[in-house]
file input26.pdb (PDB, C-alpha atoms)
ATOM      1  CA  MET A 278     -37.703 -40.150  14.625
ATOM      2  CA  SER A 279     -38.204 -43.064  12.251
ATOM      3  CA  ALA A 280     -41.315 -45.203  11.944
ATOM      4  CA  GLN A 281     -39.224 -48.207  12.941
ATOM      5  CA  ASN A 282     -38.344 -46.541  16.244
ATOM      6  CA  ILE A 283     -41.986 -45.766  16.951
ATOM      7  CA  ARG A 284     -42.944 -49.345  16.144
ATOM      8  CA  LEU A 285     -40.281 -50.640  18.511
ATOM      9  CA  GLY A 286     -41.437 -48.162  21.151
ATOM     10  CA  ILE A 287     -45.002 -49.442  20.865
ATOM     11  CA  TRP A 288     -43.899 -53.039  21.363
ATOM     12  CA  LEU A 289     -41.769 -52.001  24.334
ATOM     13  CA  MET A 290     -44.761 -50.195  25.875
ATOM     14  CA  VAL A 291     -46.940 -53.281  25.361
ATOM     15  CA  ALA A 292     -44.262 -55.399  27.045
ATOM     16  CA  THR A 293     -43.972 -52.850  29.856
ATOM     17  CA  THR A 294     -47.701 -52.876  30.582
ATOM     18  CA  PHE A 295     -47.749 -56.676  30.555
ATOM     19  CA  VAL A 296     -44.813 -56.915  32.981
ATOM     20  CA  PHE A 297     -46.355 -54.332  35.320
ATOM     21  CA  SER A 298     -49.662 -56.220  35.202
ATOM     22  CA  VAL A 299     -47.975 -59.477  36.190
ATOM     23  CA  GLN A 300     -46.159 -57.534  38.918
ATOM     24  CA  ASP A 301     -49.517 -56.308  40.213
ATOM     25  CA  GLY A 302     -50.816 -59.883  40.245
ATOM     26  CA  VAL A 303     -47.825 -61.053  42.311
ATOM     27  CA  SER A 304     -48.258 -58.044  44.621
ATOM     28  CA  ARG A 305     -51.909 -58.968  45.120
ATOM     29  CA  HIS A 306     -50.921 -62.518  46.073
ATOM     30  CA  LEU A 307     -48.199 -61.480  48.525
ATOM     31  CA  ALA A 308     -50.161 -58.625  50.104
ATOM     32  CA  GLY A 309     -53.014 -61.039  50.662
ATOM     33  CA  GLN A 310     -50.670 -63.228  52.729
ATOM     34  CA  TYR A 311     -48.379 -60.675  54.375
ATOM     35  CA  ASN A 312     -48.312 -57.036  55.404
ATOM     36  CA  THR A 313     -48.413 -54.553  52.535
ATOM     37  CA  TYR A 314     -45.639 -52.399  54.022
ATOM     38  CA  MET A 315     -43.238 -55.338  54.175
ATOM     39  CA  VAL A 316     -43.986 -56.398  50.607
ATOM     40  CA  VAL A 317     -43.440 -52.873  49.272
ATOM     41  CA  MET A 318     -40.307 -52.456  51.391
ATOM     42  CA  ILE A 319     -38.548 -55.533  49.976
ATOM     43  CA  ARG A 320     -39.582 -54.547  46.467
ATOM     44  CA  TYR A 321     -38.078 -51.096  47.012
ATOM     45  CA  TRP A 322     -34.771 -52.559  48.197
ATOM     46  CA  PHE A 323     -34.277 -54.110  44.785
ATOM     47  CA  PHE A 324     -35.561 -51.012  43.035
ATOM     48  CA  ALA A 325     -33.066 -48.823  44.928
ATOM     49  CA  ALA A 326     -30.235 -51.201  44.044
ATOM     50  CA  PHE A 327     -31.266 -50.961  40.389
ATOM     51  CA  VAL A 328     -31.371 -47.153  40.507
ATOM     52  CA  ILE A 329     -27.980 -46.916  42.224
ATOM     53  CA  ALA A 330     -26.417 -49.319  39.705
ATOM     54  CA  ILE A 331     -27.685 -47.198  36.792
ATOM     55  CA  ALA A 332     -26.475 -43.978  38.422
ATOM     56  CA  ALA A 333     -23.038 -45.447  39.163
ATOM     57  CA  ARG A 334     -22.562 -46.351  35.490
ATOM     58  CA  SER A 335     -23.687 -42.968  34.168
ATOM     59  CA  ASN A 336     -21.453 -39.976  33.439
ATOM     60  CA  GLY A 337     -20.595 -38.273  36.700
ATOM     61  CA  GLY A 338     -21.581 -41.292  38.796
ATOM     62  CA  LEU A 339     -23.595 -41.226  42.004
ATOM     63  CA  ARG A 340     -22.559 -37.725  43.013
ATOM     64  CA  LYS A 341     -23.968 -36.189  39.849
ATOM     65  CA  ALA A 342     -27.168 -38.246  40.029
ATOM     66  CA  ALA A 343     -27.772 -37.195  43.644
ATOM     67  CA  ARG A 344     -27.199 -33.481  42.978
ATOM     68  CA  SER A 345     -30.583 -31.749  42.893
ATOM     69  CA  ARG A 346     -31.657 -28.129  42.681
ATOM     70  CA  LYS A 347     -34.970 -29.065  44.353
ATOM     71  CA  PRO A 348     -34.052 -31.627  47.035
ATOM     72  CA  LEU A 349     -37.135 -31.109  49.220
ATOM     73  CA  LEU A 350     -39.475 -31.473  46.265
ATOM     74  CA  GLN A 351     -37.595 -34.558  45.063
ATOM     75  CA  ALA A 352     -37.908 -36.108  48.518
ATOM     76  CA  PHE A 353     -41.633 -35.311  48.621
ATOM     77  CA  ARG A 354     -42.099 -36.930  45.193
ATOM     78  CA  ALA A 355     -40.405 -40.088  46.405
ATOM     79  CA  LEU A 356     -42.528 -40.237  49.566
ATOM     80  CA  LEU A 357     -45.681 -39.636  47.531
ATOM     81  CA  LEU A 358     -44.893 -42.533  45.185
ATOM     82  CA  VAL A 359     -44.204 -44.922  48.078
ATOM     83  CA  ALA A 360     -47.520 -43.988  49.693
ATOM     84  CA  GLU A 361     -49.335 -44.403  46.360
ATOM     85  CA  ILE A 362     -47.873 -47.884  45.817
ATOM     86  CA  CYS A 363     -48.906 -48.970  49.326
ATOM     87  CA  VAL A 364     -52.440 -47.650  48.791
ATOM     88  CA  THR A 365     -52.712 -49.319  45.376
ATOM     89  CA  VAL A 366     -51.441 -52.710  46.574
ATOM     90  CA  GLN A 367     -53.891 -52.603  49.471
ATOM     91  CA  SER A 368     -56.639 -51.836  46.971
ATOM     92  CA  PHE A 369     -55.671 -54.977  45.010
ATOM     93  CA  VAL A 370     -56.403 -57.005  48.142
ATOM     94  CA  LEU A 371     -59.663 -55.246  49.035
ATOM     95  CA  LEU A 372     -61.180 -54.744  45.561
ATOM     96  CA  GLY A 373     -59.158 -56.911  43.198
ATOM     97  CA  LEU A 374     -57.089 -56.054  40.137
ATOM     98  CA  THR A 375     -60.007 -55.472  37.783
ATOM     99  CA  GLU A 376     -61.899 -52.831  39.718
ATOM    100  CA  THR A 377     -58.746 -51.147  41.039
ATOM    101  CA  HIS A 378     -57.286 -50.651  37.574
ATOM    102  CA  ALA A 379     -60.616 -49.562  36.097
ATOM    103  CA  ILE A 380     -60.681 -46.645  38.550
ATOM    104  CA  PHE A 381     -56.927 -46.014  38.751
ATOM    105  CA  ILE A 382     -56.706 -45.588  34.969
ATOM    106  CA  SER A 383     -58.386 -42.205  35.468
ATOM    107  CA  TYR A 384     -55.054 -40.681  36.569
ATOM    108  CA  PRO A 385     -54.303 -39.082  33.135
ATOM    109  CA  LEU A 386     -57.573 -37.166  33.467
ATOM    110  CA  LEU A 387     -56.511 -35.951  36.902
ATOM    111  CA  ILE A 388     -53.192 -34.843  35.434
ATOM    112  CA  ALA A 389     -55.050 -32.873  32.768
ATOM    113  CA  ALA A 390     -57.310 -31.281  35.379
ATOM    114  CA  LEU A 391     -54.479 -30.376  37.771
ATOM    115  CA  SER A 392     -51.901 -29.265  35.202
ATOM    116  CA  GLY A 393     -53.396 -25.756  35.237
ATOM    117  CA  PRO A 394     -53.199 -24.924  38.946
ATOM    118  CA  ILE A 395     -49.920 -26.822  39.542
ATOM    119  CA  LEU A 396     -47.917 -26.212  36.351
ATOM    120  CA  GLY A 397     -49.675 -23.141  35.014
ATOM    121  CA  GLU A 398     -50.615 -24.911  31.785
ATOM    122  CA  THR A 399     -53.692 -23.879  29.807
ATOM    123  CA  VAL A 400     -56.492 -26.429  29.834
ATOM    124  CA  GLY A 401     -59.065 -25.792  27.108
ATOM    125  CA  TRP A 402     -62.774 -26.414  27.376
ATOM    126  CA  ARG A 403     -62.577 -29.594  25.278
ATOM    127  CA  ARG A 404     -60.192 -31.229  27.711
ATOM    128  CA  TRP A 405     -62.350 -30.106  30.635
ATOM    129  CA  VAL A 406     -65.311 -31.812  28.953
ATOM    130  CA  ALA A 407     -63.203 -34.966  28.500
ATOM    131  CA  VAL A 408     -62.228 -34.865  32.183
ATOM    132  CA  ALA A 409     -65.894 -34.522  33.174
ATOM    133  CA  ILE A 410     -66.898 -37.427  30.915
ATOM    134  CA  GLY A 411     -64.067 -39.527  32.340
ATOM    135  CA  PHE A 412     -65.339 -39.016  35.835
ATOM    136  CA  VAL A 413     -68.818 -39.987  34.727
ATOM    137  CA  GLY A 414     -67.094 -43.276  33.870
ATOM    138  CA  VAL A 415     -65.674 -43.445  37.390
ATOM    139  CA  LEU A 416     -69.155 -42.846  38.829
ATOM    140  CA  ILE A 417     -70.514 -45.656  36.649
ATOM    141  CA  ILE A 418     -67.936 -47.955  38.250
ATOM    142  CA  LEU A 419     -68.606 -46.756  41.791
ATOM    143  CA  GLN A 420     -72.422 -46.723  41.374
ATOM    144  CA  PRO A 421     -73.118 -44.323  44.257
ATOM    145  CA  GLY A 422     -76.756 -44.416  45.268
ATOM    146  CA  LEU A 423     -77.597 -47.488  43.174
ATOM    147  CA  THR A 424     -76.167 -50.088  45.532
ATOM    148  CA  VAL A 425     -74.807 -50.205  49.071
ATOM    149  CA  PHE A 426     -71.745 -48.002  48.567
ATOM    150  CA  GLN A 427     -68.462 -49.690  49.402
ATOM    151  CA  PRO A 428     -66.083 -47.158  51.017
ATOM    152  CA  ALA A 429     -63.078 -49.194  49.863
ATOM    153  CA  ALA A 430     -63.967 -48.250  46.276
ATOM    154  CA  ILE A 431     -62.598 -44.777  46.998
ATOM    155  CA  ILE A 432     -59.105 -46.214  47.648
ATOM    156  CA  PRO A 433     -58.013 -46.580  43.984
ATOM    157  CA  LEU A 434     -59.343 -43.083  43.271
ATOM    158  CA  ILE A 435     -57.128 -41.756  46.076
ATOM    159  CA  ALA A 436     -54.217 -43.718  44.587
ATOM    160  CA  ALA A 437     -54.940 -42.235  41.142
ATOM    161  CA  PHE A 438     -54.919 -38.722  42.619
ATOM    162  CA  MET A 439     -51.593 -39.396  44.360
ATOM    163  CA  PHE A 440     -50.050 -40.800  41.180
ATOM    164  CA  ALA A 441     -51.315 -37.849  39.135
ATOM    165  CA  LEU A 442     -49.771 -35.434  41.622
ATOM    166  CA  TYR A 443     -46.537 -37.421  41.502
ATOM    167  CA  GLY A 444     -46.545 -37.198  37.705
ATOM    168  CA  LEU A 445     -47.131 -33.440  37.735
ATOM    169  CA  LEU A 446     -44.368 -32.869  40.293
ATOM    170  CA  THR A 447     -42.062 -35.014  38.155
ATOM    171  CA  ARG A 448     -42.770 -32.730  35.197
ATOM    172  CA  TYR A 449     -42.168 -29.689  37.406
ATOM    173  CA  VAL A 450     -38.793 -30.817  38.783
ATOM    174  CA  ALA A 451     -37.732 -31.730  35.223
ATOM    175  CA  ARG A 452     -37.350 -27.968  34.738
ATOM    176  CA  TYR A 453     -34.473 -28.054  37.242
ATOM    177  CA  ASP A 454     -33.109 -31.631  37.449
ATOM    178  CA  SER A 455     -32.265 -34.359  34.947
ATOM    179  CA  THR A 456     -34.300 -37.537  34.560
ATOM    180  CA  ALA A 457     -31.402 -39.501  36.087
ATOM    181  CA  THR A 458     -31.529 -37.324  39.204
ATOM    182  CA  SER A 459     -35.279 -37.716  39.605
ATOM    183  CA  PHE A 460     -34.979 -41.487  39.114
ATOM    184  CA  PHE A 461     -32.195 -41.684  41.706
ATOM    185  CA  TRP A 462     -34.143 -39.760  44.338
ATOM    186  CA  THR A 463     -37.291 -41.774  43.656
ATOM    187  CA  GLY A 464     -35.538 -45.080  44.346
ATOM    188  CA  THR A 465     -33.234 -44.170  47.215
ATOM    189  CA  VAL A 466     -35.497 -41.893  49.264
ATOM    190  CA  GLY A 467     -38.398 -44.241  48.630
ATOM    191  CA  ALA A 468     -36.432 -47.240  49.902
ATOM    192  CA  ILE A 469     -35.250 -45.401  53.028
ATOM    193  CA  SER A 470     -38.721 -44.125  53.900
ATOM    194  CA  VAL A 471     -40.593 -47.394  53.396
ATOM    195  CA  THR A 472     -37.893 -49.295  55.304
ATOM    196  CA  ALA A 473     -38.430 -47.007  58.306
ATOM    197  CA  VAL A 474     -42.061 -48.184  58.340
ATOM    198  CA  GLY A 475     -41.854 -51.688  56.910
ATOM    199  CA  LEU A 476     -39.352 -53.083  59.415
ATOM    200  CA  TRP A 477     -41.960 -52.630  62.158
ATOM    201  CA  PHE A 478     -44.314 -54.933  60.244
ATOM    202  CA  TRP A 479     -41.878 -57.725  59.409
ATOM    203  CA  GLU A 480     -43.447 -61.196  59.193
ATOM    204  CA  PRO A 481     -41.831 -64.600  58.598
ATOM    205  CA  MET A 482     -42.244 -65.618  54.965
ATOM    206  CA  SER A 483     -42.454 -69.166  53.600
ATOM    207  CA  GLY A 484     -39.861 -70.465  51.153
ATOM    208  CA  ALA A 485     -42.354 -70.571  48.290
ATOM    209  CA  ASP A 486     -43.397 -66.970  48.883
ATOM    210  CA  TRP A 487     -39.764 -65.863  48.935
ATOM    211  CA  ILE A 488     -39.654 -67.152  45.362
ATOM    212  CA  TRP A 489     -42.698 -65.035  44.573
ATOM    213  CA  MET A 490     -41.023 -62.068  46.279
ATOM    214  CA  GLY A 491     -37.917 -62.561  44.167
ATOM    215  CA  ALA A 492     -40.107 -62.664  41.071
ATOM    216  CA  LEU A 493     -41.838 -59.445  42.180
ATOM    217  CA  CYS A 494     -38.503 -57.657  42.550
ATOM    218  CA  LEU A 495     -37.257 -58.879  39.174
ATOM    219  CA  LEU A 496     -40.527 -57.873  37.504
ATOM    220  CA  ALA A 497     -40.292 -54.381  39.024
ATOM    221  CA  VAL A 498     -36.755 -53.904  37.719
ATOM    222  CA  LEU A 499     -37.635 -55.378  34.306
ATOM    223  CA  GLY A 500     -40.700 -53.151  34.007
ATOM    224  CA  HIS A 501     -38.744 -49.977  34.748
ATOM    225  CA  TRP A 502     -35.944 -51.036  32.377
ATOM    226  CA  LEU A 503     -38.450 -51.653  29.571
ATOM    227  CA  LEU A 504     -40.089 -48.284  30.226
ATOM    228  CA  ILE A 505     -36.733 -46.496  30.073
ATOM    229  CA  LYS A 506     -35.898 -48.231  26.783
ATOM    230  CA  CYS A 507     -39.376 -47.439  25.448
ATOM    231  CA  TYR A 508     -38.921 -43.702  25.996
ATOM    232  CA  GLU A 509     -35.407 -43.875  24.569
ATOM    233  CA  VAL A 510     -36.624 -45.071  21.150
ATOM    234  CA  ALA A 511     -40.008 -43.336  20.850
ATOM    235  CA  GLU A 512     -41.750 -40.152  21.967
ATOM    236  CA  ALA A 513     -44.020 -40.558  24.966
ATOM    237  CA  SER A 514     -47.007 -39.149  23.060
ATOM    238  CA  ALA A 515     -46.642 -41.842  20.394
ATOM    239  CA  VAL A 516     -46.657 -44.810  22.770
ATOM    240  CA  GLN A 517     -48.783 -43.565  25.685
ATOM    241  CA  PRO A 518     -52.133 -44.820  24.282
ATOM    242  CA  PHE A 519     -50.820 -48.373  24.533
ATOM    243  CA  ALA A 520     -50.298 -47.938  28.280
ATOM    244  CA  TYR A 521     -54.067 -48.445  28.633
ATOM    245  CA  LEU A 522     -53.483 -52.108  27.779
ATOM    246  CA  GLN A 523     -52.485 -52.533  31.411
ATOM    247  CA  LEU A 524     -56.194 -52.407  32.252
ATOM    248  CA  VAL A 525     -56.801 -55.329  29.872
ATOM    249  CA  PHE A 526     -53.818 -57.367  31.088
ATOM    250  CA  ALA A 527     -54.450 -56.739  34.804
ATOM    251  CA  SER A 528     -58.168 -57.518  34.491
ATOM    252  CA  SER A 529     -57.378 -60.766  32.673
ATOM    253  CA  ILE A 530     -54.994 -61.814  35.447
ATOM    254  CA  GLY A 531     -57.594 -60.939  38.070
ATOM    255  CA  ILE A 532     -60.295 -62.954  36.306
ATOM    256  CA  PHE A 533     -58.269 -66.041  35.381
ATOM    257  CA  PHE A 534     -55.978 -66.345  38.413
ATOM    258  CA  PHE A 535     -57.928 -64.773  41.269
ATOM    259  CA  GLY A 536     -61.496 -65.610  40.284
ATOM    260  CA  GLU A 537     -62.600 -61.988  39.928
ATOM    261  CA  THR A 538     -65.671 -61.105  37.900
ATOM    262  CA  LEU A 539     -66.006 -58.300  35.382
ATOM    263  CA  ARG A 540     -69.223 -56.520  36.289
ATOM    264  CA  TRP A 541     -71.030 -54.619  33.521
ATOM    265  CA  ASN A 542     -70.636 -51.258  35.225
ATOM    266  CA  VAL A 543     -66.866 -51.762  35.646
ATOM    267  CA  ALA A 544     -66.476 -52.671  31.954
ATOM    268  CA  LEU A 545     -68.623 -49.753  30.783
ATOM    269  CA  GLY A 546     -67.119 -47.223  33.181
ATOM    270  CA  GLY A 547     -63.574 -48.357  32.372
ATOM    271  CA  ALA A 548     -64.256 -47.956  28.650
ATOM    272  CA  VAL A 549     -65.581 -44.410  29.203
ATOM    273  CA  VAL A 550     -62.504 -43.483  31.270
ATOM    274  CA  VAL A 551     -60.108 -44.882  28.654
ATOM    275  CA  LEU A 552     -61.851 -43.085  25.759
ATOM    276  CA  ALA A 553     -61.818 -39.808  27.686
ATOM    277  CA  GLY A 554     -58.125 -40.297  28.465
ATOM    278  CA  LEU A 555     -57.310 -41.013  24.816
ATOM    279  CA  PHE A 556     -59.143 -37.840  23.807
ATOM    280  CA  THR A 557     -57.130 -35.702  26.248
ATOM    281  CA  LEU A 558     -53.944 -37.256  24.877
ATOM    282  CA  TRP A 559     -55.051 -36.532  21.308
ATOM    283  CA  ARG A 560     -55.844 -32.921  22.208
ATOM    284  CA  SER A 561     -52.401 -32.541  23.805
ATOM    285  CA  ARG A 562     -50.694 -33.849  20.664
ATOM    286  CA  THR A 563     -52.848 -31.610  18.441
ATOM    287  CA  LYS A 564     -51.851 -28.505  20.393
ATOM    288  CA  LEU A 565     -48.183 -29.441  20.171
ATOM    289  CA  ALA A 566     -48.343 -30.139  16.441
TER     290      ALA A 566
END
call {"tool": "encode", "arguments": {"input": "input26.pdb", "output": "structure tokens"}}
result
Amino acid sequence: MSAQNIRLGIWLMVATTFVFSVQDGVSRHLAGQYNTYMVVMIRYWFFAAFVIAIAARSNGGLRKAARSRKPLLQAFRALLLVAEICVTVQSFVLLGLTETHAIFISYPLLIAALSGPILGETVGWRRWVAVAIGFVGVLIILQPGLTVFQPAAIIPLIAAFMFALYGLLTRYVARYDSTATSFFWTGTVGAISVTAVGLWFWEPMSGADWIWMGALCLLAVLGHWLLIKCYEVAEASAVQPFAYLQLVFASSIGIFFFGETLRWNVALGGAVVVLAGLFTLWRSRTKLA
């Protein structure tokens, strides 16, 4: 792979994190006005349409994309991601973008910790130390025992655990199914499942907020398209460190558009989590080299 491809991949990852951060800001606005399930449901309708359109244009069409050797596991993955998105969006409303992302960014550490029992991978003592240090960062953010503990602060940690499990299951099913198949099941099963819940929580939406909803759907599709293109031109290990920029972008949106404040413990704890995550990534690349 050429240096030019890696450079392009880095810029695509930066663009992806920015688009997803703006998407999170729009989600925070809409979920603050309407029910979270309805917001996620409409977003998933567009996501499913995007997934189906990609599958229809691929070799073998929809039938090939839908063919899975692990259908139950694929369905569970899709349900897990829908639940994680609902939990995360609700956390945006309760805690804000800054604090949610500072805790949620710990998910790579959870992946490292769980890759042994779930995937049978070997996790060395250095990565275990990095995981432990990362969760010291999470404790700095949560401040248990130093202030009146806010139970809602656990919500983004639950979301991070769900997303880590989703990521590990995605790696597991990749042993049996193609990326196109996993993508197809994620969008279609996710849309069906959240629709079964979201329709019960339908609320009338103002014309202005329908514009925001349209923007949310377009941002979701654009973000996934950029991510696909990013991994097409560069190895994931080369561009993954730049995914941490989403913490910077999302926090900036929370501060400048929603009046959030960056508390010292959130900044310090977030920095510890990011550094620990970068170390685990570096260790992974060193072992593969």
call {"tool": "resolve_selection", "arguments": {"input": "input26.pdb", "expression": "the PyMOL selection byres ((chain A and resi 417) around 12)", "output": "PDB file with C-alpha atoms, keeping the file's coordinate frame"}}
result
ATOM      1  CA  GLU A 376     -61.899 -52.831  39.718  1.00  0.00           C
ATOM      2  CA  ALA A 379     -60.616 -49.562  36.097  1.00  0.00           C
ATOM      3  CA  ILE A 380     -60.681 -46.645  38.550  1.00  0.00           C
ATOM      4  CA  ILE A 410     -66.898 -37.427  30.915  1.00  0.00           C
ATOM      5  CA  GLY A 411     -64.067 -39.527  32.340  1.00  0.00           C
ATOM      6  CA  PHE A 412     -65.339 -39.016  35.835  1.00  0.00           C
ATOM      7  CA  VAL A 413     -68.818 -39.987  34.727  1.00  0.00           C
ATOM      8  CA  GLY A 414     -67.094 -43.276  33.870  1.00  0.00           C
ATOM      9  CA  VAL A 415     -65.674 -43.445  37.390  1.00  0.00           C
ATOM     10  CA  LEU A 416     -69.155 -42.846  38.829  1.00  0.00           C
ATOM     11  CA  ILE A 418     -67.936 -47.955  38.250  1.00  0.00           C
ATOM     12  CA  LEU A 419     -68.606 -46.756  41.791  1.00  0.00           C
ATOM     13  CA  GLN A 420     -72.422 -46.723  41.374  1.00  0.00           C
ATOM     14  CA  PRO A 421     -73.118 -44.323  44.257  1.00  0.00           C
ATOM     15  CA  GLY A 422     -76.756 -44.416  45.268  1.00  0.00           C
ATOM     16  CA  LEU A 423     -77.597 -47.488  43.174  1.00  0.00           C
ATOM     17  CA  THR A 424     -76.167 -50.088  45.532  1.00  0.00           C
ATOM     18  CA  ALA A 430     -63.967 -48.250  46.276  1.00  0.00           C
ATOM     19  CA  ARG A 540     -69.223 -56.520  36.289  1.00  0.00           C
ATOM     20  CA  TRP A 541     -71.030 -54.619  33.521  1.00  0.00           C
ATOM     21  CA  ASN A 542     -70.636 -51.258  35.225  1.00  0.00           C
ATOM     22  CA  VAL A 543     -66.866 -51.762  35.646  1.00  0.00           C
ATOM     23  CA  ALA A 544     -66.476 -52.671  31.954  1.00  0.00           C
ATOM     24  CA  LEU A 545     -68.623 -49.753  30.783  1.00  0.00           C
ATOM     25  CA  GLY A 546     -67.119 -47.223  33.181  1.00  0.00           C
ATOM     26  CA  GLY A 547     -63.574 -48.357  32.372  1.00  0.00           C
ATOM     27  CA  ALA A 548     -64.256 -47.956  28.650  1.00  0.00           C
ATOM     28  CA  VAL A 549     -65.581 -44.410  29.203  1.00  0.00           C
ATOM     29  CA  VAL A 550     -62.504 -43.483  31.270  1.00  0.00           C
TER      30      VAL A 550
END
call {"tool": "resolve_selection", "arguments": {"input": "input26.pdb", "expression": "the PyMOL selection byres ((chain A and resi 360-373) around 10)", "output": "VMD selection string"}}
result
chain A and resid 301 to 302 304 to 310 312 to 318 354 to 359 374 to 378 381 427 429 to 441 443 467 470 to 471 527 to 528 531 to 532 535 to 538
call {"tool": "resolve_selection", "arguments": {"input": "input26.pdb", "expression": "the PyMOL selection byres ((chain A and resi 351) around 12)", "output": "ChimeraX atom specification"}}
result
/A:343-350,352-358,443-444,446-451,453-467
call {"tool": "atom_distance", "arguments": {"input": "input26.pdb", "atom1": "atom CA of Ala407 of chain A", "atom2": "atom CA of Leu391 of chain A"}}
result
13.5 Å
call {"tool": "residues_near_point", "arguments": {"input": "input26.pdb", "point": "(-32.8, -50.1, 37.3)", "cutoff": "10 Å", "atoms": "all atoms listed in the file", "output": "PyMOL selection string"}}
result
chain A and resi 323-332+460-461+464+497-503+505
call {"tool": "axis_aligned_box", "arguments": {"input": "input26.pdb", "around": "segment 309-324 of chain A", "padding_each_side": "3 Å", "output": "lines of an AutoDock Vina configuration file"}}
result
center_x = -43.6
center_y = -57.1
center_z = 49.2
size_x = 24.7
size_y = 18.2
size_z = 18.4
call {"tool": "residues_around", "arguments": {"input": "input26.pdb", "residues": "Leu493 of chain A", "least_positions_apart": "6", "cutoff": "8 Å", "atoms": "only C-alpha atoms", "output": "list in words"}}
result
Gln300, Val303, Ser304 and Arg320 of chain A
call {"tool": "atom_distance", "arguments": {"input": "input26.pdb", "atom1": "atom CA of Tyr311 of chain A", "atom2": "atom CA of Ala485 of chain A"}}
result
13.1 Å
call {"tool": "closest_residue", "arguments": {"input": "input26.pdb", "among": "A:Val291, A:Val296, A:Leu524, A:Ile469", "to": "Cys494 of chain A", "atoms": "only C-alpha atoms"}}
result
A:Val296
call {"tool": "atom_distance", "arguments": {"input": "input26.pdb", "atom1": "atom CA of Gly484 of chain A", "atom2": "atom CA of Phe295 of chain A"}}
result
26.0 Å
call {"tool": "closest_residue", "arguments": {"input": "input26.pdb", "among": "A:Trp288, A:Tyr521, A:Phe534, A:Phe526", "to": "Leu552 of chain A", "atoms": "only C-alpha atoms"}}
result
A:Tyr521
call {"tool": "closest_residue", "arguments": {"input": "input26.pdb", "among": "A:Leu285, A:Val474, A:Ala390, A:Ala333", "to": "Ala511 of chain A", "atoms": "all atoms listed in the file"}}
result
A:Leu285
call {"tool": "residues_near_point", "arguments": {"input": "input26.pdb", "point": "(-60.5, -37.6, 29.0)", "cutoff": "6 Å", "atoms": "only C-alpha atoms", "output": "number ranges by chain"}}
result
A: 386, 407-408, 411, 553-554, 556-557
call {"tool": "closest_residue", "arguments": {"input": "input26.pdb", "among": "A:Met490, A:Leu387, A:Ile382, A:Ile283", "to": "Val525 of chain A", "atoms": "only C-alpha atoms"}}
result
A:Ile382
call {"tool": "decode", "arguments": {"input": "input26.pdb", "residues": "segment 459-470 of chain A", "atoms": "N, CA and C atoms", "output": "mmCIF file, in the first residue's frame"}}
result
data_model
loop_
_atom_site.group_PDB
_atom_site.id
_atom_site.type_symbol
_atom_site.label_atom_id
_atom_site.label_comp_id
_atom_site.auth_asym_id
_atom_site.auth_seq_id
_atom_site.Cartn_x
_atom_site.Cartn_y
_atom_site.Cartn_z
ATOM 1 N N SER A 459 -22.439 -8.754 6.277
ATOM 2 C CA SER A 459 -22.598 -8.190 7.618
ATOM 3 C C SER A 459 -23.244 -6.803 7.551
ATOM 4 N N PHE A 460 -22.822 -6.001 6.592
ATOM 5 C CA PHE A 460 -23.369 -4.653 6.415
ATOM 6 C C PHE A 460 -24.856 -4.719 6.090
ATOM 7 N N PHE A 461 -25.227 -5.657 5.217
ATOM 8 C CA PHE A 461 -26.626 -5.819 4.821
ATOM 9 C C PHE A 461 -27.503 -6.196 6.016
ATOM 10 N N TRP A 462 -27.051 -7.164 6.791
ATOM 11 C CA TRP A 462 -27.833 -7.599 7.951
ATOM 12 C C TRP A 462 -27.921 -6.494 9.001
ATOM 13 N N THR A 463 -26.843 -5.750 9.169
ATOM 14 C CA THR A 463 -26.849 -4.661 10.150
ATOM 15 C C THR A 463 -27.935 -3.643 9.823
ATOM 16 N N GLY A 464 -28.029 -3.248 8.550
ATOM 17 C CA GLY A 464 -28.995 -2.228 8.163
ATOM 18 C C GLY A 464 -30.422 -2.716 8.129
ATOM 19 N N THR A 465 -30.644 -3.875 7.524
ATOM 20 C CA THR A 465 -32.026 -4.345 7.327
ATOM 21 C C THR A 465 -32.658 -4.851 8.621
ATOM 22 N N VAL A 466 -31.951 -5.726 9.337
ATOM 23 C CA VAL A 466 -32.504 -6.243 10.595
ATOM 24 C C VAL A 466 -32.628 -5.119 11.613
ATOM 25 N N GLY A 467 -31.655 -4.212 11.614
ATOM 26 C CA GLY A 467 -31.738 -3.074 12.521
ATOM 27 C C GLY A 467 -32.957 -2.213 12.251
ATOM 28 N N ALA A 468 -33.228 -1.936 10.976
ATOM 29 C CA ALA A 468 -34.385 -1.111 10.620
ATOM 30 C C ALA A 468 -35.692 -1.787 11.001
ATOM 31 N N ILE A 469 -35.794 -3.091 10.749
ATOM 32 C CA ILE A 469 -37.026 -3.823 11.082
ATOM 33 C C ILE A 469 -37.267 -3.822 12.585
ATOM 34 N N SER A 470 -36.203 -4.084 13.350
ATOM 35 C CA SER A 470 -36.368 -4.188 14.806
ATOM 36 C C SER A 470 -36.709 -2.846 15.442
#
